[in-house]
Amino acid sequence: MDSIRVGIVGASPDRGWAVRAHVPALQALPDYRITAVGTSRLESAERAARLFGAAHGYADPRGLAEDPGVDLVAITVKVPAHAELIRLALAAGKHVYCEWPLALNTAEADELTRLATAAGVHHAVGLQTRYSPALARARRLLAEGYVGEVVSATVYSARHLGAGTEVPDWAAYTLDRRNGAGVVEVLGGHTLDAVEYVVGEFTDVSARLARHQSRAIVEGVGAVAVTSPGHLLLDAATAAGVVVSAHIHDSKATNGRTRIEIAGTAGDLAIVSGAGGPGGISLSELRLLGSRGGEWQPLDCDDPLAATPLDNESGNVARLYSALAQDIRTDAATVPTFGDGVRAHRLLDAVRAAADTGRRVPVS
């Protein structure tokens with residue numbers, strides 16, 4: 001069967017999410033072949049093409065999108081550029097995988113979803129934490145009644161990013177809330193989407209957002225203004241009556257870690273991150289623990305890519321790509337689509353509105 005040919009926009013040869021996650025994921029999967037890469041400068045694009053084995057390097061994203069040797073465009077650049085790049089790919093009739101956050105705001109995400117639907121192509125948004133084996137097994141166990149009736153979920157997720165030290169220069173743009181890539185959007189979006197995927201969608205929320213520093217020291221730059229919140233506190237409920245509390249925050253001094261504890265009438269589950277690393281649910285190796293009234297016990301989690309050498313950052317991305325390949329080949333729709341991205345954007349809108357008004361807000 002022919003490989004699905006991928007063009008990656010944002011495939012820097014030196015650093016970035018593409019080289020850390022997308023390139024190793026695609027290179028590990030026989031369903032795919034990287035045929036084109038794009039960066040902001042032709043010299044780096046050509047160097048990336050040589051490094052990743054692609055036939056073409058582009059500084060012009062339109063050229064990459066219209067390359068007849070590309071079936072799927074992967075967009076891995078900063079959020080403000082997502083919409084324009086998605087439009088180019090859709091106009092060229094290409095399938096699209098866009099990193100989360102899908103867009104700068106919900107209106108933009110909604111427009112992109114309508115365009116993608118009209119184009120009749122497959123579209124995926126990078127909410128890849130759903131493909132963590134621990135999360136997938138927890139979802140199945142809840143459906144099978146492992147904990148009985150689900151009563152509550154308690155969530156803690158933190159990143160160790162620049163706490164007491166310089167913020168890496170690559171992360172500087174996340175400090176400006178206008179760029180749509182701060183703690184609320186990235187860490188909050190990934191974490192809350194994962195929780196909803198397991199216990200059900202929230203119907204309403206109350207929330208508080210906090211910003212404890214007005215300036216930060218960025219590596220090689222100096223002091224910059226901080227306008228993105230660093231903490232998200234949430235109280236939510238699902239249609240089935242599951243109550244959810246969450247604390248999501250950045251710049252934890254000691255380490256970054258995640259724990260999602262799900263309580264039921266007959267038992268409990270906990271999704272926990274391993275030690276070390278920057279933390280955050282989407283960057284951590286997650287384990288599953290279970291208890292039915294006794295001690296916590298580790299639970300086995302099936303991994304369809306267990307034999308494939310992948311690290312924490314590329315593993316879930318590869319699992320999403322693997323599912324997307326099957327969707328493209330069978331014309332199914334199992335992966336998180338742009339529509340799921342719109343849902344996540346609307347949930348974050350409700351969080352912001354609740355924090356601004358001090359009132360409980362329905363999730364539209």
# chains A, B, ... in the order shown; residues from 1 in each chain; ligands from 1

$ residues_around --residues "stretch 170-176 of chain A" --least-positions-apart "4" --cutoff "8 Å" --atoms "only C-alpha atoms" --output "JSON, numbers by chain"
{"A": [16, 180, 181, 182, 183, 218, 225, 226, 227, 228]}

$ residues_around --residues "A:Tyr131" --least-positions-apart "2" --cutoff "9 Å" --atoms "only C-alpha atoms" --output "list in words"
Leu127, Gln128, Thr129, Pro133, Ala134, Leu135, Ala136, Gly315, Asn316, Val317, Ala318, Arg319 and Leu320 of chain A

$ select_by_dssp --residues "stretch 66-134 of chain A" --states "alpha helix (DSSP H)" --output "JSON, numbers by chain"
{"A": [82, 83, 84, 85, 86, 87, 88, 89, 90, 91, 106, 107, 108, 109, 110, 111, 112, 113, 114, 115, 116, 117, 118, 119, 133, 134]}

$ residues_around --residues "stretch 203-207 of chain A" --least-positions-apart "6" --cutoff "7 Å" --atoms "only C-alpha atoms" --output "list in words"
Leu233, Leu234, Asp235, Ala236, Ala237, Thr238, Ala239, Ala350, Val351, Ala354, Ala355, Arg359, Arg360, Val361, Pro362 and Val363 of chain A

$ select_by_dssp --residues "stretch 115-332 of chain A" --states "strand (DSSP E or B)" --output "compact mmCIF listing (two decimals) with C-alpha atoms, in the first residue's frame"
# COMPACT_ATOMS: atom_id res chain seq x y z
CA HIS A 123 -8.68 17.00 9.36
CA ALA A 124 -7.14 16.37 12.76
CA VAL A 125 -6.22 18.59 15.69
CA GLY A 126 -3.30 17.70 17.94
CA VAL A 150 -18.34 7.71 38.63
CA VAL A 151 -18.72 10.37 41.31
CA SER A 152 -15.85 12.82 40.90
CA ALA A 153 -12.55 13.64 39.24
CA THR A 154 -9.77 15.59 40.94
CA VAL A 155 -7.10 16.98 38.62
CA TYR A 156 -3.66 18.45 39.23
CA SER A 157 -1.30 19.25 36.37
CA ALA A 158 1.78 21.46 36.48
CA ARG A 159 4.80 22.28 34.35
CA VAL A 167 12.38 31.17 30.58
CA PHE A 202 -18.65 19.45 31.15
CA THR A 203 -22.00 21.20 31.13
CA ASP A 204 -20.96 24.23 33.20
CA VAL A 205 -17.91 25.66 34.97
CA SER A 206 -16.78 28.15 37.54
CA ALA A 207 -13.16 29.24 37.40
CA ARG A 208 -10.40 31.52 38.60
CA LEU A 209 -7.33 32.59 36.62
CA ALA A 210 -4.28 34.00 38.38
CA ARG A 215 7.58 40.21 34.15
CA ALA A 216 9.85 37.27 33.35
CA ILE A 217 13.48 36.89 32.33
CA VAL A 218 13.78 35.27 28.91
CA GLY A 222 16.03 39.90 29.22
CA ALA A 223 12.91 41.06 31.01
CA VAL A 224 9.59 40.84 29.14
CA ALA A 225 6.00 41.53 30.17
CA HIS A 231 -2.83 29.30 37.19
CA LEU A 232 -6.23 27.90 36.25
CA LEU A 233 -8.61 26.74 38.99
CA LEU A 234 -11.77 25.00 37.80
CA ASP A 235 -14.98 23.59 39.26
CA ALA A 236 -17.09 21.74 36.69
CA ALA A 237 -19.84 19.16 36.33
CA THR A 238 -20.87 16.71 33.62
CA VAL A 243 -18.12 16.81 39.74
CA VAL A 244 -14.65 17.88 38.63
CA SER A 245 -12.07 20.07 40.34
CA ALA A 246 -8.79 21.04 38.68
CA HIS A 247 -5.67 23.07 39.40
CA ILE A 248 -3.46 23.63 36.35
CA HIS A 249 -0.37 25.79 36.60
CA THR A 258 0.06 15.30 36.69
CA ARG A 259 -2.46 13.30 38.69
CA ILE A 260 -6.08 12.70 37.66
CA GLU A 261 -7.95 10.78 40.35
CA ILE A 262 -11.36 9.41 39.46
CA ALA A 263 -13.59 8.27 42.32
CA GLY A 264 -16.54 5.93 41.99
CA ASP A 268 -10.99 4.48 42.08
CA LEU A 269 -8.61 5.09 39.19
CA ALA A 270 -5.60 7.41 39.06
CA ILE A 271 -3.74 8.56 35.96
CA VAL A 272 -0.32 9.72 37.12
CA SER A 273 2.81 11.04 35.46
CA GLY A 279 5.68 17.96 33.22
CA LEU A 286 1.37 8.45 32.14
CA ARG A 287 0.68 5.37 34.28
CA LEU A 288 -2.65 3.97 35.44
CA LEU A 289 -3.38 2.89 39.00
CA GLY A 290 -6.53 1.22 40.28
CA SER A 291 -8.13 0.37 43.61
CA GLN A 297 -2.26 -1.27 42.13
CA PRO A 298 -0.61 -0.58 38.75

$ residues_around --residues "A:Ala21" --least-positions-apart "3" --cutoff "7 Å" --atoms "only C-alpha atoms" --output "list in words"
Trp17, Ala18, Pro24, Ala25, Glu313, Ser314 and Val317 of chain A

$ write_last_selection --atoms "C-alpha atoms" --output "PDB file, in the first residue's frame"
ATOM      1  CA  TRP A  17       7.944  20.554  18.320  1.00  0.00           C
ATOM      2  CA  ALA A  18       8.211  19.163  14.787  1.00  0.00           C
ATOM      3  CA  PRO A  24      10.280  10.839  14.847  1.00  0.00           C
ATOM      4  CA  ALA A  25       6.603   9.807  14.936  1.00  0.00           C
ATOM      5  CA  GLU A 313       6.875  13.478  23.349  1.00  0.00           C
ATOM      6  CA  SER A 314       6.567  11.530  20.096  1.00  0.00           C
ATOM      7  CA  VAL A 317       1.674  11.970  18.398  1.00  0.00           C
TER       8      VAL A 317
END

$ atom_distance --atom1 "atom CA of A:Leu283" --atom2 "atom CA of A:Ala45"
26.2 Å

$ closest_residue --among "A:Glu149, A:Asp193, A:Asp303, A:Glu166" --to "A:Gly241" --atoms "only C-alpha atoms"
A:Glu149

$ closest_residue --among "A:Val70, A:Val19, A:Val147, A:Leu310" --to "A:Ala36" --atoms "only C-alpha atoms"
A:Val70

$ residues_around --residues "stretch 55-60 of chain A" --least-positions-apart "5" --cutoff "12 Å" --atoms "only C-alpha atoms" --output "PyMOL selection string"
chain A and resi 5-13+33-50+65-70+85+88

$ closest_residue --among "A:Arg329, A:Ile75, A:Ala83, A:Glu285" --to "A:Asp311" --atoms "only C-alpha atoms"
A:Glu285

$ residues_around --residues "A:Arg87" --least-positions-apart "5" --cutoff "10 Å" --atoms "only C-alpha atoms" --output "list in words"
Arg62, Ala65, His82, Ala92, Gly93, Val96, Glu111, Leu112, Leu115 and Ala116 of chain A

$ closest_residue --among "A:Arg211, A:Leu324, A:Pro168, A:Asp340" --to "A:Tyr32" --atoms "only C-alpha atoms"
A:Leu324

$ decode --residues "stretch 138-149 of chain A" --atoms "N, CA and C atoms" --output "CSV table (one decimal), in the first residue's frame"
chain,number,residue,atom,x,y,z
A,138,ALA,N,-8.2,3.8,31.0
A,138,ALA,CA,-9.1,4.3,32.0
A,138,ALA,C,-10.4,4.5,31.4
A,139,ARG,N,-10.5,5.0,30.2
A,139,ARG,CA,-11.8,5.2,29.5
A,139,ARG,C,-12.6,3.9,29.4
A,140,ARG,N,-11.9,2.9,29.0
A,140,ARG,CA,-12.5,1.6,28.8
A,140,ARG,C,-13.0,1.0,30.1
A,141,LEU,N,-12.1,1.1,31.1
A,141,LEU,CA,-12.5,0.6,32.5
A,141,LEU,C,-13.7,1.3,33.1
A,142,LEU,N,-13.8,2.6,32.9
A,142,LEU,CA,-15.0,3.3,33.4
A,142,LEU,C,-16.2,2.8,32.7
A,143,ALA,N,-16.1,2.6,31.3
A,143,ALA,CA,-17.3,2.1,30.6
A,143,ALA,C,-17.7,0.7,31.0
A,144,GLU,N,-16.7,-0.1,31.5
A,144,GLU,CA,-17.0,-1.5,31.9
A,144,GLU,C,-17.4,-1.5,33.4
A,145,GLY,N,-17.4,-0.4,34.1
A,145,GLY,CA,-17.9,-0.4,35.5
A,145,GLY,C,-16.9,-0.6,36.5
A,146,TYR,N,-15.6,-0.5,36.2
A,146,TYR,CA,-14.5,-0.8,37.2
A,146,TYR,C,-14.7,0.0,38.5
A,147,VAL,N,-15.1,1.2,38.4
A,147,VAL,CA,-15.2,2.0,39.7
A,147,VAL,C,-16.7,2.1,40.1
A,148,GLY,N,-17.6,1.4,39.4
A,148,GLY,CA,-19.0,1.6,39.7
A,148,GLY,C,-19.5,2.9,39.0
A,149,GLU,N,-20.4,3.6,39.7
A,149,GLU,CA,-20.8,4.9,39.2
A,149,GLU,C,-19.8,6.0,39.5
